[in-house]
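Text of the file query.cif, holding mmCIF, C-alpha atoms and all ligand atoms:
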```cif
data_work
#
loop_
_atom_site.group_PDB
_atom_site.id
_atom_site.type_symbol
_atom_site.label_atom_id
_atom_site.label_comp_id
_atom_site.auth_asym_id
_atom_site.auth_seq_id
_atom_site.Cartn_x
_atom_site.Cartn_y
_atom_site.Cartn_z
ATOM 1 C CA MET J 20 0.000 0.000 0.000
ATOM 2 C CA VAL J 21 1.455 3.341 -1.105
ATOM 3 C CA CYS J 22 0.632 5.463 1.924
ATOM 4 C CA ASP J 23 2.604 7.743 4.208
ATOM 5 C CA PRO J 24 2.345 6.048 7.639
ATOM 6 C CA ARG J 25 1.442 9.385 9.248
ATOM 7 C CA PHE J 26 -1.545 9.694 6.870
ATOM 8 C CA HIS J 27 -2.849 6.229 7.589
ATOM 9 C CA ALA J 28 -4.642 7.304 10.774
ATOM 10 C CA LEU J 29 -6.691 9.887 8.850
ATOM 11 C CA LEU J 30 -8.216 7.071 6.771
ATOM 12 C CA ALA J 31 -9.564 5.115 9.741
ATOM 13 C CA SER J 32 -13.205 5.591 8.722
ATOM 14 C CA PHE J 33 -12.615 4.401 5.134
ATOM 15 C CA ASP J 34 -12.553 0.862 3.735
ATOM 16 C CA LEU J 35 -8.908 0.660 2.716
ATOM 17 C CA GLU J 36 -9.283 -2.645 0.867
ATOM 18 C CA ALA J 37 -12.096 -1.217 -1.239
ATOM 19 C CA MET J 38 -9.999 1.862 -2.011
ATOM 20 C CA GLU J 39 -7.114 -0.332 -3.107
ATOM 21 C CA ARG J 40 -9.442 -2.310 -5.409
ATOM 22 C CA HIS J 41 -11.334 0.739 -6.753
ATOM 23 C CA ALA J 42 -11.088 0.929 -10.559
ATOM 24 C CA GLY J 43 -10.612 4.703 -10.455
ATOM 25 C CA ALA J 44 -7.782 6.664 -8.922
ATOM 26 C CA VAL J 45 -7.914 7.327 -5.196
ATOM 27 C CA LEU J 46 -5.412 9.658 -3.625
ATOM 28 C CA GLY J 47 -4.912 11.267 -0.285
ATOM 29 C CA LEU J 48 -3.429 14.721 0.077
ATOM 30 C CA TRP J 49 -1.786 16.645 2.870
ATOM 31 C CA ASN J 50 -3.030 20.186 3.356
ATOM 32 C CA ASP J 51 -0.336 21.528 1.008
ATOM 33 C CA CYS J 52 -1.720 19.247 -1.735
ATOM 34 C CA THR J 53 1.258 16.915 -1.698
ATOM 35 C CA ILE J 54 0.427 13.232 -2.130
ATOM 36 C CA ALA J 55 0.179 11.054 0.978
ATOM 37 C CA TYR J 56 -1.730 8.059 -0.415
ATOM 38 C CA LEU J 57 -2.136 6.504 -3.878
ATOM 39 C CA ASN J 58 -4.174 3.476 -4.870
ATOM 40 C CA PRO J 59 -2.941 1.187 -7.688
ATOM 41 C CA ALA J 60 -5.398 2.671 -10.224
ATOM 42 C CA TRP J 61 -3.805 6.103 -9.837
ATOM 43 C CA TYR J 62 -0.859 5.152 -11.995
ATOM 44 C CA ALA J 63 -3.060 4.138 -14.928
ATOM 45 C CA PHE J 64 -5.144 7.279 -14.461
ATOM 46 C CA SER J 65 -2.184 9.639 -14.417
ATOM 47 C CA ARG J 66 -0.735 8.133 -17.587
ATOM 48 C CA LEU J 67 -4.090 8.656 -19.275
ATOM 49 C CA ASN J 68 -4.200 12.221 -18.012
ATOM 50 C CA LYS J 69 -0.980 13.424 -19.513
ATOM 51 C CA GLY J 70 0.237 10.565 -21.647
ATOM 52 C CA GLU J 71 3.793 10.885 -20.485
ATOM 53 C CA PRO J 72 5.745 7.739 -19.687
ATOM 54 C CA ALA J 73 7.635 9.495 -16.913
ATOM 55 C CA ILE J 74 4.542 10.338 -14.930
ATOM 56 C CA SER J 75 4.218 7.068 -13.051
ATOM 57 C CA THR J 76 7.710 7.472 -11.674
ATOM 58 C CA TRP J 77 7.513 11.223 -11.131
ATOM 59 C CA TRP J 78 4.150 11.056 -9.361
ATOM 60 C CA ASP J 79 4.787 9.549 -6.017
ATOM 61 C CA LEU J 80 4.342 10.350 -2.365
ATOM 62 C CA GLY J 81 5.404 13.929 -1.698
ATOM 63 C CA ALA J 82 4.650 15.250 -5.209
ATOM 64 C CA SER J 83 2.199 18.142 -5.418
ATOM 65 C CA VAL J 84 -0.995 17.699 -7.427
ATOM 66 C CA LEU J 85 -1.026 21.474 -7.900
ATOM 67 C CA ASP J 86 1.759 20.957 -10.439
ATOM 68 C CA ALA J 87 -0.676 18.887 -12.523
ATOM 69 C CA ILE J 88 -3.491 21.426 -12.530
ATOM 70 C CA SER J 89 -3.492 23.870 -15.408
ATOM 71 C CA PRO J 90 -3.056 27.504 -14.234
ATOM 72 C CA PRO J 91 -6.465 28.666 -15.577
ATOM 73 C CA LEU J 92 -8.139 25.968 -13.447
ATOM 74 C CA LEU J 93 -6.132 26.506 -10.258
ATOM 75 C CA PRO J 94 -8.341 29.247 -8.698
ATOM 76 C CA PHE J 95 -11.419 27.068 -9.169
ATOM 77 C CA TYR J 96 -9.875 24.010 -7.542
ATOM 78 C CA LEU J 97 -8.155 25.858 -4.688
ATOM 79 C CA THR J 98 -11.417 27.575 -3.766
ATOM 80 C CA ALA J 99 -13.355 24.307 -3.943
ATOM 81 C CA PHE J 100 -10.790 22.435 -1.826
ATOM 82 C CA SER J 101 -10.769 25.170 0.791
ATOM 83 C CA ASP J 102 -14.575 25.387 0.962
ATOM 84 C CA CYS J 103 -14.850 21.601 1.152
ATOM 85 C CA CYS J 104 -12.525 21.374 4.146
ATOM 86 C CA GLN J 105 -13.910 24.369 5.988
ATOM 87 C CA ALA J 106 -17.463 23.007 5.679
ATOM 88 C CA MET J 107 -16.290 19.406 6.256
ATOM 89 C CA THR J 108 -18.684 18.410 3.466
ATOM 90 C CA PRO J 109 -17.731 16.173 0.520
ATOM 91 C CA TRP J 110 -17.493 17.988 -2.809
ATOM 92 C CA GLU J 111 -18.350 16.416 -6.182
ATOM 93 C CA HIS J 112 -17.147 17.508 -9.580
ATOM 94 C CA VAL J 113 -17.369 16.131 -13.117
ATOM 95 C CA TYR J 114 -14.550 16.915 -15.507
ATOM 96 C CA GLU J 115 -13.403 15.894 -18.943
ATOM 97 C CA CYS J 116 -10.195 14.004 -19.614
ATOM 98 C CA SER J 117 -10.440 12.964 -23.250
ATOM 99 C CA SER J 118 -7.881 11.344 -25.475
ATOM 100 C CA ALA J 119 -7.604 11.937 -29.209
ATOM 101 C CA GLU J 120 -9.866 8.956 -29.810
ATOM 102 C CA CYS J 121 -12.229 8.845 -26.823
ATOM 103 C CA PHE J 122 -14.460 11.284 -25.024
ATOM 104 C CA ARG J 123 -14.056 10.659 -21.299
ATOM 105 C CA GLN J 124 -15.641 12.215 -18.270
ATOM 106 C CA PHE J 125 -14.650 11.467 -14.722
ATOM 107 C CA HIS J 126 -16.611 11.944 -11.556
ATOM 108 C CA MET J 127 -14.552 13.095 -8.584
ATOM 109 C CA THR J 128 -15.606 13.130 -4.953
ATOM 110 C CA VAL J 129 -13.384 14.968 -2.505
ATOM 111 C CA TYR J 130 -13.776 13.901 1.118
ATOM 112 C CA PRO J 131 -12.455 16.380 3.657
ATOM 113 C CA LEU J 132 -10.473 14.524 6.312
ATOM 114 C CA THR J 133 -9.735 17.478 8.571
ATOM 115 C CA GLN J 134 -10.585 21.154 8.635
ATOM 116 C CA ASN J 135 -6.862 21.675 8.370
ATOM 117 C CA GLY J 136 -7.029 20.680 4.700
ATOM 118 C CA GLU J 137 -6.195 16.988 4.369
ATOM 119 C CA MET J 138 -8.399 15.381 1.704
ATOM 120 C CA LEU J 139 -9.189 12.091 0.005
ATOM 121 C CA PHE J 140 -10.007 12.123 -3.726
ATOM 122 C CA VAL J 141 -12.003 9.306 -5.315
ATOM 123 C CA HIS J 142 -12.235 9.298 -9.117
ATOM 124 C CA SER J 143 -14.624 7.179 -11.190
ATOM 125 C CA LEU J 144 -14.956 6.913 -14.943
ATOM 126 C CA ALA J 145 -18.415 8.298 -15.771
ATOM 127 C CA VAL J 146 -18.461 8.353 -19.592
ATOM 128 C CA GLU J 147 -16.205 6.744 -22.176
ATOM 129 C CA ARG J 148 -17.139 6.694 -25.842
ATOM 130 C CA GLN J 149 -15.727 7.558 -29.225
ATOM 131 C CA HIS J 150 -15.924 11.247 -30.095
ATOM 132 C CA ASP J 151 -19.067 12.300 -31.885
ATOM 133 C CA PRO J 152 -17.877 13.709 -35.252
ATOM 134 C CA LEU J 153 -20.888 16.029 -35.352
ATOM 135 C CA GLU J 154 -20.110 17.485 -31.961
ATOM 136 C CA ARG J 155 -16.348 17.625 -32.543
ATOM 137 C CA SER J 156 -15.446 17.459 -36.193
ATOM 138 C CA PRO J 157 -11.739 16.701 -36.412
ATOM 139 C CA HIS J 158 -9.450 19.345 -37.898
ATOM 140 C CA VAL J 159 -5.999 18.940 -39.407
ATOM 141 C CA ALA J 160 -3.096 20.072 -37.215
ATOM 142 C CA ASP J 161 -2.133 23.021 -39.429
ATOM 143 C CA GLU J 162 0.173 25.291 -37.463
ATOM 144 C CA VAL J 163 -0.330 28.165 -39.905
ATOM 145 C CA LEU J 164 -4.027 28.282 -38.975
ATOM 146 C CA TYR J 165 -3.701 27.906 -35.214
ATOM 147 C CA ARG J 166 -0.611 29.865 -34.181
ATOM 148 C CA ASP J 167 -1.366 33.435 -33.102
ATOM 149 C CA ARG J 168 0.815 36.451 -33.900
ATOM 150 C CA GLN J 169 3.206 35.488 -31.126
ATOM 151 C CA GLY J 170 3.526 31.983 -32.547
ATOM 152 C CA VAL J 171 1.583 30.433 -29.657
ATOM 153 C CA ILE J 172 -1.087 27.742 -29.929
ATOM 154 C CA SER J 173 -3.796 28.017 -27.235
ATOM 155 C CA GLN J 174 -5.435 24.797 -26.113
ATOM 156 C CA CYS J 175 -8.262 24.524 -23.591
ATOM 157 C CA PRO J 176 -6.994 22.457 -20.621
ATOM 158 C CA HIS J 177 -10.464 20.979 -20.097
ATOM 159 C CA CYS J 178 -11.992 20.097 -23.485
ATOM 160 C CA ARG J 179 -8.622 20.257 -25.318
ATOM 161 C CA ARG J 180 -10.000 22.214 -28.247
ATOM 162 C CA VAL J 181 -7.639 24.727 -29.899
ATOM 163 C CA ARG J 182 -8.231 28.408 -30.584
ATOM 164 C CA HIS J 183 -8.003 29.506 -34.201
ATOM 165 C CA GLY J 184 -5.030 31.822 -34.765
ATOM 166 C CA ALA J 185 -6.983 34.499 -36.679
ATOM 167 C CA ASP J 186 -10.542 34.000 -35.406
ATOM 168 C CA TYR J 187 -10.294 34.026 -31.616
ATOM 169 C CA ASN J 188 -13.953 33.038 -31.231
ATOM 170 C CA ARG J 189 -13.382 29.751 -33.017
ATOM 171 C CA TRP J 190 -12.191 26.683 -31.120
ATOM 172 C CA ASP J 191 -11.507 23.506 -33.093
ATOM 173 C CA TRP J 192 -10.972 19.896 -32.171
ATOM 174 C CA VAL J 193 -7.484 18.933 -33.411
ATOM 175 C CA PRO J 194 -6.934 15.315 -32.323
ATOM 176 C CA ASP J 195 -3.266 15.222 -33.356
ATOM 177 C CA TRP J 196 -2.504 17.888 -30.734
ATOM 178 C CA VAL J 197 -4.372 15.982 -28.062
ATOM 179 C CA HIS J 198 -2.289 12.948 -28.882
ATOM 180 C CA LYS J 199 0.953 14.954 -28.979
ATOM 181 C CA GLN J 200 1.206 18.548 -27.859
ATOM 182 C CA PRO J 201 2.748 21.016 -30.311
ATOM 183 C CA SER J 202 5.590 23.334 -29.326
ATOM 184 C CA GLN J 203 4.803 26.741 -27.790
ATOM 185 C CA LEU J 204 1.478 25.587 -26.407
ATOM 186 C CA SER J 205 -0.413 27.719 -23.912
ATOM 187 C CA ASP J 206 -3.395 26.733 -21.753
ATOM 188 C CA ALA J 207 -6.448 28.960 -22.179
ATOM 189 C CA LEU J 208 -9.998 28.068 -21.193
ATOM 190 C CA CYS J 209 -12.464 28.199 -24.084
ATOM 191 C CA PRO J 210 -15.747 30.104 -23.456
ATOM 192 C CA PRO J 211 -17.927 27.037 -22.670
ATOM 193 C CA CYS J 212 -15.335 25.656 -20.236
ATOM 194 C CA THR J 213 -14.861 29.085 -18.645
ATOM 195 C CA TYR J 214 -18.595 29.121 -18.054
ATOM 196 C CA TYR J 215 -18.536 25.573 -16.696
ATOM 197 C CA TYR J 216 -15.814 26.385 -14.186
ATOM 198 C CA TYR J 217 -16.425 29.995 -13.304
ATOM 199 C CA GLY J 218 -20.042 30.641 -14.298
ATOM 200 C CA LYS J 219 -19.120 33.249 -16.895
ATOM 201 C CA SER J 220 -17.781 33.122 -20.453
HETATM 202 ZN ZN ZN L 1 -12.862 23.969 -23.377
#
```
Represent the supplied structure as structure tokens.
Amino acid sequence: MVCDPRFHALLASFDLEAMERHAGAVLGLWNDCTIAYLNPAWYAFSRLNKGEPAISTWWDLGASVLDAISPPLLPFYLTAFSDCCQAMTPWEHVYECSSAECFRQFHMTVYPLTQNGEMLFVHSLAVERQHDPLERSPHVADEVLYRDRQGVISQCPHCRRVRHGADYNRWDWVPDWVHKQPSQLSDALCPPCTYYYYGKS
């Protein structure tokens, strides 16, 4: 079991065997958002999240999950984590984590362990299907079309669509850049995802 011994006592009211068997990632965090517990499914989940082979060795006890959260999403998550612990009430959130081929949504429940900020995260796969070509028609990864005047490509960290370089109101699904990120990529929330996270577009 990958768990900091000091964290173990905070999990006394949870079924540890069930957490270890859970198909989705379960992780425990200290109040500075460094990892104190990981279930076996976490490693598969984190590879799916970023697609980097190094992630299963880099992500271990002591690493900070804040490093994995895109800057435009950080204020939302930090506020939610803080509110969750202060109220000592579990918080639920649905988010997208799609690959180039599959649309995926995960359901996350955050259980506050102490008002001091320790938390347990339980992730479950909610939706997994092939992308709907009507909803997200695939576009060719043409850098001339998608780089802005500064040469930057902006990709939404939630839905992974890419902003058109000349028409800033247009966001296209470019599967090649979900599979492999282009150089000089910047995270920028698209209007629908801004609304989803912050209630405004
Ligand atoms: Zn988006």
Spatial neighbours of segment 189-196 of chain J, max dist 8 Å, all atoms listed in the file, sep filter under 6 positions, as a VMD selection string: chain J and resid 118 to 120 155 to 160 179 to 183 209
Surrounding residues of segment 171-176 of chain J excluding itself and chain neighbours under 5 positions, 6 Å, only C-alpha atoms, as a list in words: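 Once the adjacent positions are removed, what remains is Tyr165, Arg166, Val181, Arg182, Gln203, Leu204, Ser205, Asp206, Ala207, Leu208 and Cys209 of chain J.
Note that the spacing between atom CA of Leu48 of chain J and atom CA of Thr108 of chain J amounts to 16.1 Å.
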Spatial neighbours of segment 142-147 of chain J, max dist 10 Å, only C-alpha atoms, sep filter under 6 positions, as a ChimeraX atom specification: /J:41-46,60-61,64,111-117,121-129
Save the residues we just selected, C-alpha atoms, as a PDB file, keeping the file's coordinate frame?
```pdb
ATOM      1  CA  HIS J  41     -11.334   0.739  -6.753  1.00  0.00           C
ATOM      2  CA  ALA J  42     -11.088   0.929 -10.559  1.00  0.00           C
ATOM      3  CA  GLY J  43     -10.612   4.703 -10.455  1.00  0.00           C
ATOM      4  CA  ALA J  44      -7.782   6.664  -8.922  1.00  0.00           C
ATOM      5  CA  VAL J  45      -7.914   7.327  -5.196  1.00  0.00           C
ATOM      6  CA  LEU J  46      -5.412   9.658  -3.625  1.00  0.00           C
ATOM      7  CA  ALA J  60      -5.398   2.671 -10.224  1.00  0.00           C
ATOM      8  CA  TRP J  61      -3.805   6.103  -9.837  1.00  0.00           C
ATOM      9  CA  PHE J  64      -5.144   7.279 -14.461  1.00  0.00           C
ATOM     10  CA  GLU J 111     -18.350  16.416  -6.182  1.00  0.00           C
ATOM     11  CA  HIS J 112     -17.147  17.508  -9.580  1.00  0.00           C
ATOM     12  CA  VAL J 113     -17.369  16.131 -13.117  1.00  0.00           C
ATOM     13  CA  TYR J 114     -14.550  16.915 -15.507  1.00  0.00           C
ATOM     14  CA  GLU J 115     -13.403  15.894 -18.943  1.00  0.00           C
ATOM     15  CA  CYS J 116     -10.195  14.004 -19.614  1.00  0.00           C
ATOM     16  CA  SER J 117     -10.440  12.964 -23.250  1.00  0.00           C
ATOM     17  CA  CYS J 121     -12.229   8.845 -26.823  1.00  0.00           C
ATOM     18  CA  PHE J 122     -14.460  11.284 -25.024  1.00  0.00           C
ATOM     19  CA  ARG J 123     -14.056  10.659 -21.299  1.00  0.00           C
ATOM     20  CA  GLN J 124     -15.641  12.215 -18.270  1.00  0.00           C
ATOM     21  CA  PHE J 125     -14.650  11.467 -14.722  1.00  0.00           C
ATOM     22  CA  HIS J 126     -16.611  11.944 -11.556  1.00  0.00           C
ATOM     23  CA  MET J 127     -14.552  13.095  -8.584  1.00  0.00           C
ATOM     24  CA  THR J 128     -15.606  13.130  -4.953  1.00  0.00           C
ATOM     25  CA  VAL J 129     -13.384  14.968  -2.505  1.00  0.00           C
TER      26      VAL J 129
END
```
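A straight line drawn from atom CA of Gln105 of chain J to atom CA of Val21 of chain J is 27.0 Å long.
Rounded to one decimal, atom CA of Leu57 of chain J and atom CA of Ala37 of chain J lie 12.9 Å from each other.
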Selected residue, from J:Ile54, J:Phe26, J:Leu97, J:Pro91, that lies nearest to Trp78 of chain J when counting all atoms listed in the file: J:Ile54
Residue nearest Val141 of chain J - candidates J:Ala55, J:Met38, J:Ala28, J:Cys104, atoms counted: only C-alpha atoms: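 Using only C-alpha atoms, Val141 of chain J sits closest to J:Met38.
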Neighbour list for Glu137 of chain J as a list of chain:residue names, cut-off 6 Å, only C-alpha atoms, skip fewer than 3 positions in-chain: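 In the requested form, the answer reads J:Leu48, J:Trp49, J:Asn50, J:Leu132, J:Thr133.
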